[in-house]
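Asks: Contents of target24.tsv (TSV, C-alpha atoms) are given next:
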chain	number	residue	atom	x	y	z
Q	25	MET	CA	10.89	-24.21	64.10
Q	26	PRO	CA	12.29	-23.45	60.59
Q	27	HIS	CA	14.93	-20.79	60.16
Q	28	LEU	CA	13.96	-17.47	58.57
Q	29	VAL	CA	16.48	-15.75	56.29
Q	30	LEU	CA	15.67	-12.12	55.45
Q	31	HIS	CA	17.23	-10.57	52.33
Q	32	VAL	CA	17.59	-6.80	52.02
Q	33	THR	CA	17.85	-5.29	48.53
Q	34	GLY	CA	17.37	-1.73	47.46
Q	35	ALA	CA	19.19	-0.74	44.28
Q	36	ARG	CA	19.64	-1.99	40.74
Q	37	PRO	CA	23.01	-3.76	41.36
Q	38	ASN	CA	21.51	-5.85	44.18
Q	39	PHE	CA	18.91	-7.71	42.17
Q	40	PRO	CA	21.09	-9.88	39.87
Q	41	LYS	CA	23.16	-10.77	42.96
Q	42	CYS	CA	20.25	-11.88	45.11
Q	43	ALA	CA	18.39	-13.94	42.46
Q	44	PRO	CA	20.62	-17.06	42.58
Q	45	VAL	CA	20.88	-16.93	46.37
Q	46	LEU	CA	17.11	-16.81	46.78
Q	47	GLU	CA	16.71	-19.73	44.40
Q	48	ALA	CA	19.40	-21.87	46.04
Q	49	LEU	CA	18.01	-21.35	49.53
Q	50	ALA	CA	14.47	-22.06	48.30
Q	51	GLU	CA	15.66	-25.37	46.84
Q	52	ARG	CA	17.01	-26.23	50.29
Q	53	GLY	CA	13.65	-25.54	51.90
Q	54	VAL	CA	14.64	-22.38	53.77
Q	55	GLU	CA	11.90	-19.90	54.72
Q	56	GLN	CA	12.80	-16.50	53.27
Q	57	LEU	CA	11.59	-12.91	53.34
Q	58	LEU	CA	12.62	-10.51	50.56
Q	59	VAL	CA	12.70	-6.83	51.48
Q	60	HIS	CA	13.05	-4.07	48.90
Q	61	THR	CA	13.91	-0.78	50.57
Q	62	GLY	CA	12.89	1.25	47.52
Q	63	GLN	CA	16.27	3.03	47.31
Q	64	HIS	CA	15.83	2.63	43.53
Q	65	TYR	CA	12.13	2.90	42.98
Q	66	ASP	CA	11.13	3.34	39.34
Q	67	ASP	CA	10.39	0.50	36.95
Q	68	ALA	CA	13.63	0.62	34.97
Q	69	MET	CA	15.76	0.71	38.10
Q	70	SER	CA	14.01	-2.05	40.08
Q	71	ASP	CA	10.68	-3.60	39.09
Q	72	VAL	CA	11.79	-4.81	35.66
Q	73	PHE	CA	14.49	-6.93	37.32
Q	74	PHE	CA	11.93	-8.94	39.26
Q	75	ARG	CA	9.96	-9.64	36.08
Q	76	GLN	CA	12.92	-10.52	33.89
Q	77	LEU	CA	14.97	-12.55	36.37
Q	78	GLY	CA	12.14	-14.53	37.89
Q	79	ILE	CA	12.79	-13.08	41.34
Q	80	PRO	CA	9.76	-13.41	43.64
Q	81	ARG	CA	8.01	-10.11	44.22
Q	82	PRO	CA	9.32	-8.50	47.41
Q	83	ASP	CA	7.38	-9.48	50.51
Q	84	VAL	CA	7.94	-5.96	51.81
Q	85	ASN	CA	8.63	-2.73	49.90
Q	86	LEU	CA	9.64	0.07	52.25
Q	87	GLY	CA	9.41	2.77	49.58
Q	88	VAL	CA	12.07	5.03	51.09
Q	89	GLY	CA	12.88	6.74	47.78
Q	90	SER	CA	15.79	9.06	47.10
Q	91	GLY	CA	17.57	11.55	49.34
Q	92	SER	CA	20.98	12.50	50.65
Q	93	HIS	CA	23.17	9.66	51.92
Q	94	GLY	CA	22.42	10.47	55.54
Q	95	ALA	CA	18.70	10.96	55.05
Q	96	GLN	CA	18.31	7.85	52.92
Q	97	THR	CA	20.32	5.64	55.28
Q	98	ALA	CA	18.38	6.93	58.27
Q	99	ALA	CA	15.03	6.36	56.54
Q	100	ILE	CA	15.97	2.77	55.71
Q	101	MET	CA	17.12	2.08	59.27
Q	102	THR	CA	13.95	3.57	60.73
Q	103	ALA	CA	11.78	1.44	58.43
Q	104	LEU	CA	13.73	-1.79	58.96
Q	105	GLU	CA	13.89	-1.77	62.75
Q	106	PRO	CA	10.19	-2.53	63.41
Q	107	LEU	CA	10.19	-5.12	60.62
Q	108	PHE	CA	13.17	-6.94	62.15
Q	109	GLU	CA	11.52	-6.69	65.56
Q	110	GLU	CA	8.30	-8.20	64.25
Q	111	ARG	CA	9.80	-11.02	62.15
Q	112	ARG	CA	12.97	-11.74	64.14
Q	113	PRO	CA	14.91	-13.40	61.29
Q	114	ASP	CA	17.65	-15.87	62.10
Q	115	MET	CA	19.93	-14.17	59.57
Q	116	VAL	CA	19.91	-11.03	57.43
Q	117	VAL	CA	21.62	-11.24	54.03
Q	118	VAL	CA	22.82	-7.97	52.46
Q	119	TYR	CA	24.30	-7.38	49.03
Q	120	GLY	CA	26.96	-5.09	47.61
Q	121	ASP	CA	27.75	-1.62	48.89
Q	122	VAL	CA	24.69	0.62	48.61
Q	123	ASN	CA	23.05	2.57	51.44
Q	124	SER	CA	20.50	-0.20	51.95
Q	125	THR	CA	23.38	-2.59	52.65
Q	126	VAL	CA	24.97	-0.63	55.47
Q	127	ALA	CA	21.62	0.48	56.92
Q	128	ALA	CA	20.34	-3.09	57.21
Q	129	THR	CA	23.63	-4.23	58.71
Q	130	LEU	CA	23.59	-1.57	61.42
Q	131	VAL	CA	20.01	-2.35	62.43
Q	132	ALA	CA	20.52	-6.12	62.45
Q	133	VAL	CA	23.75	-6.05	64.46
Q	134	LYS	CA	22.29	-3.71	67.08
Q	135	MET	CA	19.43	-6.20	67.47
Q	136	GLY	CA	21.74	-9.19	67.76
Q	137	ILE	CA	20.78	-10.69	64.39
Q	138	PRO	CA	23.64	-12.28	62.39
Q	139	VAL	CA	24.47	-10.68	59.03
Q	140	ALA	CA	25.86	-12.30	55.87
Q	141	HIS	CA	27.46	-9.87	53.42
Q	142	VAL	CA	27.47	-11.01	49.80
Q	143	GLU	CA	30.35	-9.35	47.89
Q	144	ALA	CA	32.46	-8.70	50.99
Q	145	GLY	CA	36.07	-7.55	50.96
Q	146	LEU	CA	36.08	-5.36	47.86
Q	147	ARG	CA	38.23	-2.27	48.34
Q	148	SER	CA	38.98	0.77	46.18
Q	149	PHE	CA	40.96	2.44	49.02
Q	150	ASP	CA	39.22	5.66	48.00
Q	151	MET	CA	37.35	7.11	50.96
Q	152	SER	CA	35.77	9.79	48.78
Q	153	MET	CA	33.49	7.04	47.47
Q	154	PRO	CA	30.36	6.56	49.62
Q	155	GLU	CA	30.40	2.91	48.57
Q	156	GLU	CA	33.83	2.40	50.14
Q	157	VAL	CA	32.54	3.67	53.47
Q	158	ASN	CA	29.57	1.32	53.20
Q	159	ARG	CA	31.86	-1.64	52.41
Q	160	LEU	CA	34.15	-1.01	55.36
Q	161	VAL	CA	31.34	-0.61	57.88
Q	162	THR	CA	29.38	-3.60	56.58
Q	163	ASP	CA	32.40	-5.91	56.56
Q	164	ARG	CA	33.47	-4.84	60.02
Q	165	LEU	CA	30.08	-5.79	61.47
Q	166	SER	CA	29.00	-8.82	59.41
Q	167	ASN	CA	29.24	-12.36	60.75
Q	168	LEU	CA	29.67	-14.05	57.36
Q	169	LEU	CA	31.87	-12.43	54.72
Q	170	LEU	CA	31.07	-13.98	51.34
Q	171	THR	CA	33.71	-12.94	48.82
Q	172	THR	CA	33.76	-12.92	45.03
Q	173	SER	CA	37.52	-12.88	44.46
Q	174	VAL	CA	40.85	-13.85	45.98
Q	175	ASP	CA	41.94	-10.22	46.40
Q	176	ALA	CA	38.83	-9.60	48.54
Q	177	VAL	CA	39.88	-12.46	50.81
Q	178	ALA	CA	43.34	-10.90	51.10
Q	179	HIS	CA	41.92	-7.47	51.99
Q	180	LEU	CA	39.87	-8.94	54.82
Q	181	GLY	CA	42.87	-10.89	56.06
Q	182	ASN	CA	44.98	-7.75	56.05
Q	183	GLU	CA	42.30	-6.03	58.13
Q	184	GLY	CA	42.56	-8.73	60.79
Q	185	VAL	CA	39.26	-10.46	60.11
Q	186	ASP	CA	38.90	-13.92	61.65
Q	187	PRO	CA	39.44	-16.39	58.76
Q	188	ALA	CA	36.49	-18.45	60.04
Q	189	ARG	CA	34.17	-15.59	58.98
Q	190	ILE	CA	35.54	-15.42	55.41
Q	191	HIS	CA	34.13	-17.66	52.65
Q	192	PHE	CA	35.31	-17.47	49.04
Q	193	VAL	CA	32.14	-18.36	47.15
Q	194	GLY	CA	32.43	-16.68	43.74
Q	195	ASN	CA	30.18	-14.10	42.13
Q	196	PRO	CA	26.39	-14.56	42.16
Q	197	MET	CA	25.95	-11.76	39.62
Q	198	ILE	CA	27.76	-14.02	37.16
Q	199	ASP	CA	25.33	-16.84	37.98
Q	200	THR	CA	22.54	-14.57	36.74
Q	201	LEU	CA	24.49	-13.54	33.65
Q	202	LEU	CA	25.32	-17.10	32.60
Q	203	ARG	CA	21.77	-18.28	33.22
Q	204	ASN	CA	20.39	-15.59	30.91
Q	205	LEU	CA	23.18	-15.49	28.33
Q	206	ASP	CA	21.00	-16.77	25.48
Q	207	ARG	CA	18.52	-13.93	26.14
Q	208	PHE	CA	21.03	-11.12	25.48
Q	209	ASP	CA	20.17	-10.07	21.92
Q	210	ALA	CA	22.71	-7.64	20.49
Q	211	GLY	CA	20.80	-7.35	17.20
Q	212	THR	CA	17.65	-6.15	18.94
Q	213	ALA	CA	19.69	-3.56	20.82
Q	214	ARG	CA	21.22	-2.22	17.59
Q	215	ASP	CA	17.83	-2.01	15.91
Q	216	ARG	CA	16.16	-0.38	18.90
Q	217	PHE	CA	18.70	2.43	19.13
Q	218	GLY	CA	19.35	2.82	15.42
Q	219	VAL	CA	23.11	2.33	15.59
Q	220	THR	CA	25.48	0.45	13.33
Q	221	THR	CA	28.47	-1.61	14.36
Q	222	PRO	CA	30.91	-0.94	15.79
Q	223	TYR	CA	29.29	1.07	18.57
Q	224	ILE	CA	30.29	1.98	22.12
Q	225	ALA	CA	28.02	1.45	25.13
Q	226	ALA	CA	28.52	3.77	28.10
Q	227	THR	CA	27.27	4.11	31.68
Q	228	LEU	CA	28.34	7.17	33.65
Q	229	HIS	CA	26.97	8.25	37.03
Q	230	ARG	CA	29.70	8.29	39.71
Q	231	PRO	CA	30.13	11.49	41.76
Q	232	GLY	CA	33.74	11.77	40.58
Q	233	ASN	CA	32.50	12.14	37.01
Q	234	VAL	CA	29.17	13.95	37.24
Q	235	ASP	CA	29.01	16.05	40.41
Q	236	ARG	CA	31.41	18.95	39.68
Q	237	HIS	CA	30.75	21.20	36.69
Q	238	GLU	CA	34.40	21.13	35.58
Q	239	ASP	CA	34.41	17.32	35.59
Q	240	VAL	CA	31.14	17.15	33.69
Q	241	VAL	CA	32.45	19.48	30.97
Q	242	GLU	CA	35.61	17.37	30.60
Q	243	LEU	CA	33.53	14.19	30.51
Q	244	VAL	CA	31.22	15.50	27.80
Q	245	GLN	CA	34.20	16.55	25.70
Q	246	ALA	CA	35.74	13.09	26.14
Q	247	VAL	CA	32.51	11.36	25.12
Q	248	HIS	CA	32.27	13.58	22.04
Q	249	ARG	CA	35.81	12.55	21.04
Q	250	VAL	CA	34.73	8.93	21.35
Q	251	ALA	CA	31.59	9.63	19.28
Q	252	ASP	CA	33.84	11.01	16.53
Q	253	GLN	CA	35.03	7.40	16.11
Q	254	ALA	CA	31.85	5.36	16.65
Q	255	PRO	CA	28.25	5.84	17.81
Q	256	VAL	CA	27.89	5.98	21.61
Q	257	VAL	CA	24.75	4.66	23.31
Q	258	ILE	CA	24.31	5.91	26.89
Q	259	PRO	CA	21.47	4.70	29.09
Q	260	LEU	CA	21.54	7.66	31.48
Q	261	HIS	CA	21.11	7.09	35.20
Q	262	PRO	CA	18.87	9.79	36.76
Q	263	ARG	CA	21.88	10.82	38.84
Q	264	GLY	CA	23.78	13.48	36.91
Q	265	ARG	CA	21.59	13.42	33.82
Q	266	GLY	CA	20.63	17.08	34.03
Q	267	ARG	CA	24.24	18.20	34.44
Q	268	LEU	CA	25.45	16.10	31.51
Q	269	GLU	CA	22.74	17.36	29.18
Q	270	SER	CA	23.28	20.96	30.31
Q	271	ALA	CA	26.97	20.58	29.46
Q	272	GLY	CA	26.06	19.69	25.86
Q	273	LEU	CA	26.14	15.89	25.85
Q	274	LEU	CA	23.44	15.78	23.17
Q	275	ASP	CA	25.18	18.32	20.94
Q	276	HIS	CA	27.03	15.54	19.09
Q	277	GLY	CA	24.98	13.56	16.57
Q	278	GLY	CA	26.86	10.37	17.42
Q	279	VAL	CA	25.69	10.36	21.04
Q	280	HIS	CA	22.46	8.44	21.64
Q	281	VAL	CA	21.05	9.03	25.13
Q	282	VAL	CA	18.35	6.57	26.23
Q	283	GLU	CA	16.41	5.91	29.42
Q	284	PRO	CA	17.75	3.32	31.90
Q	285	LEU	CA	17.24	-0.18	30.48
Q	286	GLY	CA	16.01	-3.44	31.90
Q	287	TYR	CA	18.56	-6.14	32.64
Q	288	LEU	CA	18.08	-8.11	29.42
Q	289	GLU	CA	18.02	-5.01	27.20
Q	290	PHE	CA	21.12	-3.55	28.81
Q	291	MET	CA	23.06	-6.81	28.62
Q	292	GLY	CA	22.10	-7.16	24.96
Q	293	LEU	CA	23.49	-3.67	24.36
Q	294	VAL	CA	26.72	-4.55	26.20
Q	295	ARG	CA	27.13	-7.90	24.47
Q	296	GLY	CA	27.05	-6.31	21.03
Q	297	ALA	CA	29.34	-3.38	21.81
Q	298	ALA	CA	32.85	-2.99	20.46
Q	299	ALA	CA	33.74	-1.58	23.88
Q	300	VAL	CA	32.05	-0.32	27.03
Q	301	VAL	CA	32.94	2.93	28.79
Q	302	THR	CA	31.78	2.86	32.40
Q	303	ASP	CA	32.30	3.98	35.96
Q	304	SER	CA	30.09	1.16	37.30
Q	305	GLY	CA	31.39	-1.74	39.36
Q	306	GLY	CA	29.04	-4.42	38.10
Q	307	VAL	CA	29.61	-3.60	34.43
Q	308	GLN	CA	33.31	-4.31	34.90
Q	309	GLU	CA	32.35	-7.82	36.01
Q	310	GLU	CA	29.79	-8.46	33.29
Q	311	THR	CA	32.12	-7.39	30.48
Q	312	THR	CA	34.82	-9.63	31.96
Q	313	ILE	CA	32.61	-12.68	31.36
Q	314	LEU	CA	31.30	-11.53	27.98
Q	315	GLY	CA	34.78	-10.69	26.64
Q	316	VAL	CA	33.81	-7.12	25.82
Q	317	PRO	CA	36.65	-4.58	26.20
Q	318	CYS	CA	35.83	-2.39	29.21
Q	319	LEU	CA	37.32	1.07	29.76
Q	320	THR	CA	36.64	2.12	33.35
Q	321	LEU	CA	36.62	5.88	33.75
Q	322	ARG	CA	37.91	5.97	37.32
Q	323	PRO	CA	41.28	6.37	39.05
Q	324	ASN	CA	40.81	3.06	40.88
Q	325	THR	CA	38.63	-0.02	41.03
Q	326	GLU	CA	37.49	-2.26	43.86
Q	327	ARG	CA	37.42	-5.06	41.28
Q	328	PRO	CA	41.06	-5.42	40.16
Q	329	VAL	CA	40.37	-9.06	39.28
Q	330	THR	CA	38.55	-7.74	36.19
Q	331	ILE	CA	41.87	-6.30	35.05
Q	332	THR	CA	44.07	-9.30	35.89
Q	333	HIS	CA	41.45	-11.88	34.85
Q	334	GLY	CA	39.27	-10.05	32.38
Q	335	THR	CA	38.98	-7.33	29.77
Q	336	ASN	CA	38.97	-4.22	31.97
Q	337	ARG	CA	41.36	-1.23	31.87
Q	338	LEU	CA	41.40	1.97	33.90
Q	339	VAL	CA	41.37	5.16	31.83
Q	340	THR	CA	41.06	8.91	32.41
Q	341	ARG	CA	38.93	11.46	30.61
Q	342	HIS	CA	42.08	12.65	28.82
Q	343	THR	CA	43.16	9.18	27.63
Q	344	LEU	CA	39.70	7.80	26.86
Q	345	ALA	CA	39.54	8.67	23.15
Q	346	ASP	CA	42.99	7.21	22.45
Q	347	GLU	CA	42.10	4.03	24.36
Q	348	VAL	CA	38.90	3.67	22.35
Q	349	ARG	CA	40.86	4.13	19.12
Q	350	ARG	CA	43.29	1.36	20.11
Q	351	THR	CA	40.43	-0.89	21.20
Q	352	LEU	CA	38.54	-0.46	17.94
Q	353	ALA	CA	41.71	-1.19	15.96
Q	354	ALA	CA	42.48	-4.34	17.95
Q	355	GLY	CA	38.94	-5.76	17.89
Q	356	ARG	CA	37.43	-8.22	20.34
Q	357	LEU	CA	39.55	-10.97	21.86
Q	358	ASP	CA	38.89	-14.61	20.96
Q	359	THR	CA	39.86	-15.84	24.44
Q	360	TRP	CA	40.40	-14.11	27.78
Q	361	PRO	CA	40.97	-15.13	31.40
Q	362	VAL	CA	38.02	-15.47	33.76
Q	363	PRO	CA	38.28	-15.13	37.57
Q	364	PRO	CA	38.19	-18.30	39.70
Q	365	LEU	CA	34.73	-19.51	40.79
Q	366	TRP	CA	32.89	-17.21	38.39
Q	367	ASP	CA	31.26	-20.39	37.15
Q	368	GLY	CA	27.54	-19.94	37.73
Q	369	ARG	CA	27.39	-21.78	41.07
Q	370	ALA	CA	28.05	-19.01	43.58
Q	371	GLY	CA	24.42	-18.98	44.73
Q	372	GLU	CA	24.67	-22.66	45.70
Q	373	ARG	CA	27.88	-22.09	47.64
Q	374	ILE	CA	26.38	-19.09	49.45
Q	375	ALA	CA	23.32	-21.14	50.41
Q	376	ASP	CA	25.55	-23.87	51.81
Q	377	VAL	CA	27.53	-21.40	53.91
Q	378	VAL	CA	24.35	-19.75	55.24
Q	379	LEU	CA	22.79	-23.12	56.12
Q	380	GLY	CA	25.99	-24.23	57.83
Q	381	ALA	CA	26.04	-21.09	59.94
Q	382	LEU	CA	22.37	-21.48	60.89
Q	383	ALA	CA	22.90	-25.11	61.82
Q	384	GLY	CA	25.92	-24.19	63.92
Show me, as C-alpha cells, the structure contained in the file I just sent.
Replies:
Amino acid sequence: MPHLVLHVTGARPNFPKCAPVLEALAERGVEQLLVHTGQHYDDAMSDVFFRQLGIPRPDVNLGVGSGSHGAQTAAIMTALEPLFEERRPDMVVVYGDVNSTVAATLVAVKMGIPVAHVEAGLRSFDMSMPEEVNRLVTDRLSNLLLTTSVDAVAHLGNEGVDPARIHFVGNPMIDTLLRNLDRFDAGTARDRFGVTTPYIAATLHRPGNVDRHEDVVELVQAVHRVADQAPVVIPLHPRGRGRLESAGLLDHGGVHVVEPLGYLEFMGLVRGAAAVVTDSGGVQEETTILGVPCLTLRPNTERPVTITHGTNRLVTRHTLADEVRRTLAAGRLDTWPVPPLWDGRAGERIADVVLGALAG
C-alpha cells in the first residue's frame, strides 16, 4: 500500500515553502494530500500563491479564518482531528511557525502520526513572539527536524535533540524564489505604484511594531522620516492596518500604501527596491538572495544567517532613518555572501529525507 504524506499549510509564508516539497515528492511517486487550514483566507494572502506558483489546489480547505491565537489554534485542531482519523496519513509535514503549524503537530502526535517540520530550529529567544512559542513546541514534538541553516542545527543540538532527527536540507523558500527569478519585474512594480527610483519597500505587521499605540506612533514617525528621503511603498497586511492609518501613516505624500500583493508582484517590488524595511522573517531571506539591503525593524531575528551571510541588518525605529540614509548613499552591493545549501534544491533533499523515514 503506498504511503500517504499530508501537508498542512495555512498562511502566506507557508506556500512558497511547500511548493518545491510537493513537486519533489510527486516526482518520486508519493501519494500526497494538501490541506489549507484557511488561517489566511483572502485571495491576496493565499489563493494567488496557488495560481502563481503552480501549487495544486488544496485537497481540503478547512476555512477556519481569523481569531485570537487560542481560538484559531483550537479551531484548526478541531477541524484536523477527524481528517487525520479518516485519512490516516503515514506522515504529516508542517511548515514554518504559524498557528497552523503547531496545531497540526499537536493533533498528529497525539494520534501517533509522525511529523516532519520544515524550517526547524530557528530561534529568536524572544518568548513575547507567538511564533517562538510555536517553533519550540513544534520542534519538541516533531520526528524529523528539517533545518534551513547551520545555526538552526546548533540550536536543536543545544536543546538536546537526538542528532538522528536533525537534517540540514537548506531553504525551500529559496527554491521557489530561484525558480521564479525571471518573473520578478521591477519595472512593472514601479509603473504600477507610480514611484521613481530609488524607492523603499516596506512590510510591517509584527505585534511589537503595530499593537501598542505608542509603538505605532513611533513607527509612523520613523516611516515618514524615511519617506523624506525616498518614496516608500507599503503593501499593508490586514493586521495593524487600521492602527497605522489612524496614526497618520498616509499623511506623508511619499508613503504609498497598497493592498497585499501576490508573490510575483511583491517580489518584483522587492527586487527593484533600493532597500527593504521589514519585520517579516521570510523577507529577510528573500532579500539575502536578491542582494537587496534589508533593514529589519526588530530587536532580534530567528534568521541570523541573513546577517552573517546576506544583506540584513537589525535596526530600531530611532535609527531607521539614518540607516536608510547610509544605505541609499552606499548603493546596492555587487556581490554578497549566500547561506550554505540555499541553492534551489532543498525540496529534493526534503523529499529524500521523508522517503527515507517512511521506508525505515
Asks: In Å, rounded to a single decimal, give me how far CA of Gln76 in chain Q is from CA of Arg216 in chain Q.
Replies: 18.4 Å
Asks: How far is it from CA of Val362 in chain Q to CA of Val256 in chain Q, in Å with one decimal?
Replies: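 Going from CA of Val362 in chain Q over to CA of Val256 in chain Q covers 26.7 Å.
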Asks: Between CA of Thr97 in chain Q and CA of Met115 in chain Q, what is the distance in Å, rounded to a tenth?
Replies: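 Separation of CA of Thr97 in chain Q and CA of Met115 in chain Q: 20.3 Å.
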Asks: Produce a table with one row for each residue of range 101-160 of chain Q that has an atom at most 10 Å from any atom of range 174-189 of chain Q, each row naming the nearest atom pair and its distance in Å at one decimal; use all atoms listed in the file; arrange rows by chain and rising residue number; format as JSON lines.
Replies:
{"residue": "Q:Ala140", "atom": "CA", "partner": "Q:Arg189", "partner_atom": "CA", "distance": 9.5}
{"residue": "Q:Glu143", "atom": "CA", "partner": "Q:Ala176", "partner_atom": "CA", "distance": 8.5}
{"residue": "Q:Ala144", "atom": "CA", "partner": "Q:Ala176", "partner_atom": "CA", "distance": 6.9}
{"residue": "Q:Gly145", "atom": "CA", "partner": "Q:Ala176", "partner_atom": "CA", "distance": 4.2}
{"residue": "Q:Leu146", "atom": "CA", "partner": "Q:Ala176", "partner_atom": "CA", "distance": 5.1}
{"residue": "Q:Arg147", "atom": "CA", "partner": "Q:His179", "partner_atom": "CA", "distance": 7.3}
{"residue": "Q:Leu160", "atom": "CA", "partner": "Q:Leu180", "partner_atom": "CA", "distance": 9.8}
Asks: Write to file, as a compact mmCIF listing (two decimals), in the frame of the given file, the residues of the selection just made, with C-alpha atoms.
Replies:
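File written: part-v8.txt
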# COMPACT_ATOMS: atom_id res chain seq x y z
CA ALA Q 140 25.86 -12.30 55.87
CA GLU Q 143 30.35 -9.35 47.89
CA ALA Q 144 32.46 -8.70 50.99
CA GLY Q 145 36.07 -7.55 50.96
CA LEU Q 146 36.08 -5.36 47.86
CA ARG Q 147 38.23 -2.27 48.34
CA LEU Q 160 34.15 -1.01 55.36
Asks: Give me the residues near range 29-32 of chain Q as number ranges by chain, where near means some atom within 7 Å (using all atoms listed in the file) and where sequence neighbours in that chain fewer than 5 positions away do not count.
Replies: Q: 55-60, 113-118, 128
Asks: Write the residues of the preceding selection, restricted to C-alpha atoms, as a tab-separated table (two decimals), in the frame of the given file.
Replies:
chain	number	residue	atom	x	y	z
Q	55	GLU	CA	11.90	-19.90	54.72
Q	56	GLN	CA	12.80	-16.50	53.27
Q	57	LEU	CA	11.59	-12.91	53.34
Q	58	LEU	CA	12.62	-10.51	50.56
Q	59	VAL	CA	12.70	-6.83	51.48
Q	60	HIS	CA	13.05	-4.07	48.90
Q	113	PRO	CA	14.91	-13.40	61.29
Q	114	ASP	CA	17.65	-15.87	62.10
Q	115	MET	CA	19.93	-14.17	59.57
Q	116	VAL	CA	19.91	-11.03	57.43
Q	117	VAL	CA	21.62	-11.24	54.03
Q	118	VAL	CA	22.82	-7.97	52.46
Q	128	ALA	CA	20.34	-3.09	57.21
Asks: Can you tell me which residues surround Ala299 in chain Q at a distance of at most 8 Å, considering all atoms listed in the file, apart from same-chain residues fewer than 3 positions away, and format the answer as a PDB file with C-alpha atoms, keeping the file's coordinate frame?
Replies:
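Okay, this is what ended up in result_37.pdb:
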ATOM      1  CA  TYR Q 223      29.290   1.070  18.570  1.00  0.00           C
ATOM      2  CA  ILE Q 224      30.290   1.980  22.120  1.00  0.00           C
ATOM      3  CA  ALA Q 225      28.020   1.450  25.130  1.00  0.00           C
ATOM      4  CA  VAL Q 294      26.720  -4.550  26.200  1.00  0.00           C
ATOM      5  CA  VAL Q 316      33.810  -7.120  25.820  1.00  0.00           C
ATOM      6  CA  PRO Q 317      36.650  -4.580  26.200  1.00  0.00           C
ATOM      7  CA  CYS Q 318      35.830  -2.390  29.210  1.00  0.00           C
ATOM      8  CA  LEU Q 319      37.320   1.070  29.760  1.00  0.00           C
ATOM      9  CA  VAL Q 348      38.900   3.670  22.350  1.00  0.00           C
ATOM     10  CA  THR Q 351      40.430  -0.890  21.200  1.00  0.00           C
ATOM     11  CA  LEU Q 352      38.540  -0.460  17.940  1.00  0.00           C
TER      12      LEU Q 352
END
Asks: Which of these residues is nearest to Pro284 in chain Q, using all atoms listed in the file: Q:Val72, Q:Met135, Q:Val339, Q:Ile190?
Replies: Q:Val72
Asks: What's around Val282 in chain Q at 10 Å? Count all atoms listed in the file, leave out sequence neighbours fewer than 4 positions away in its own chain, and write the answer as a list in words.
Replies: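 The residues that qualify are Phe217, Val257, Ile258, Pro259, Leu260 and His261 of chain Q.
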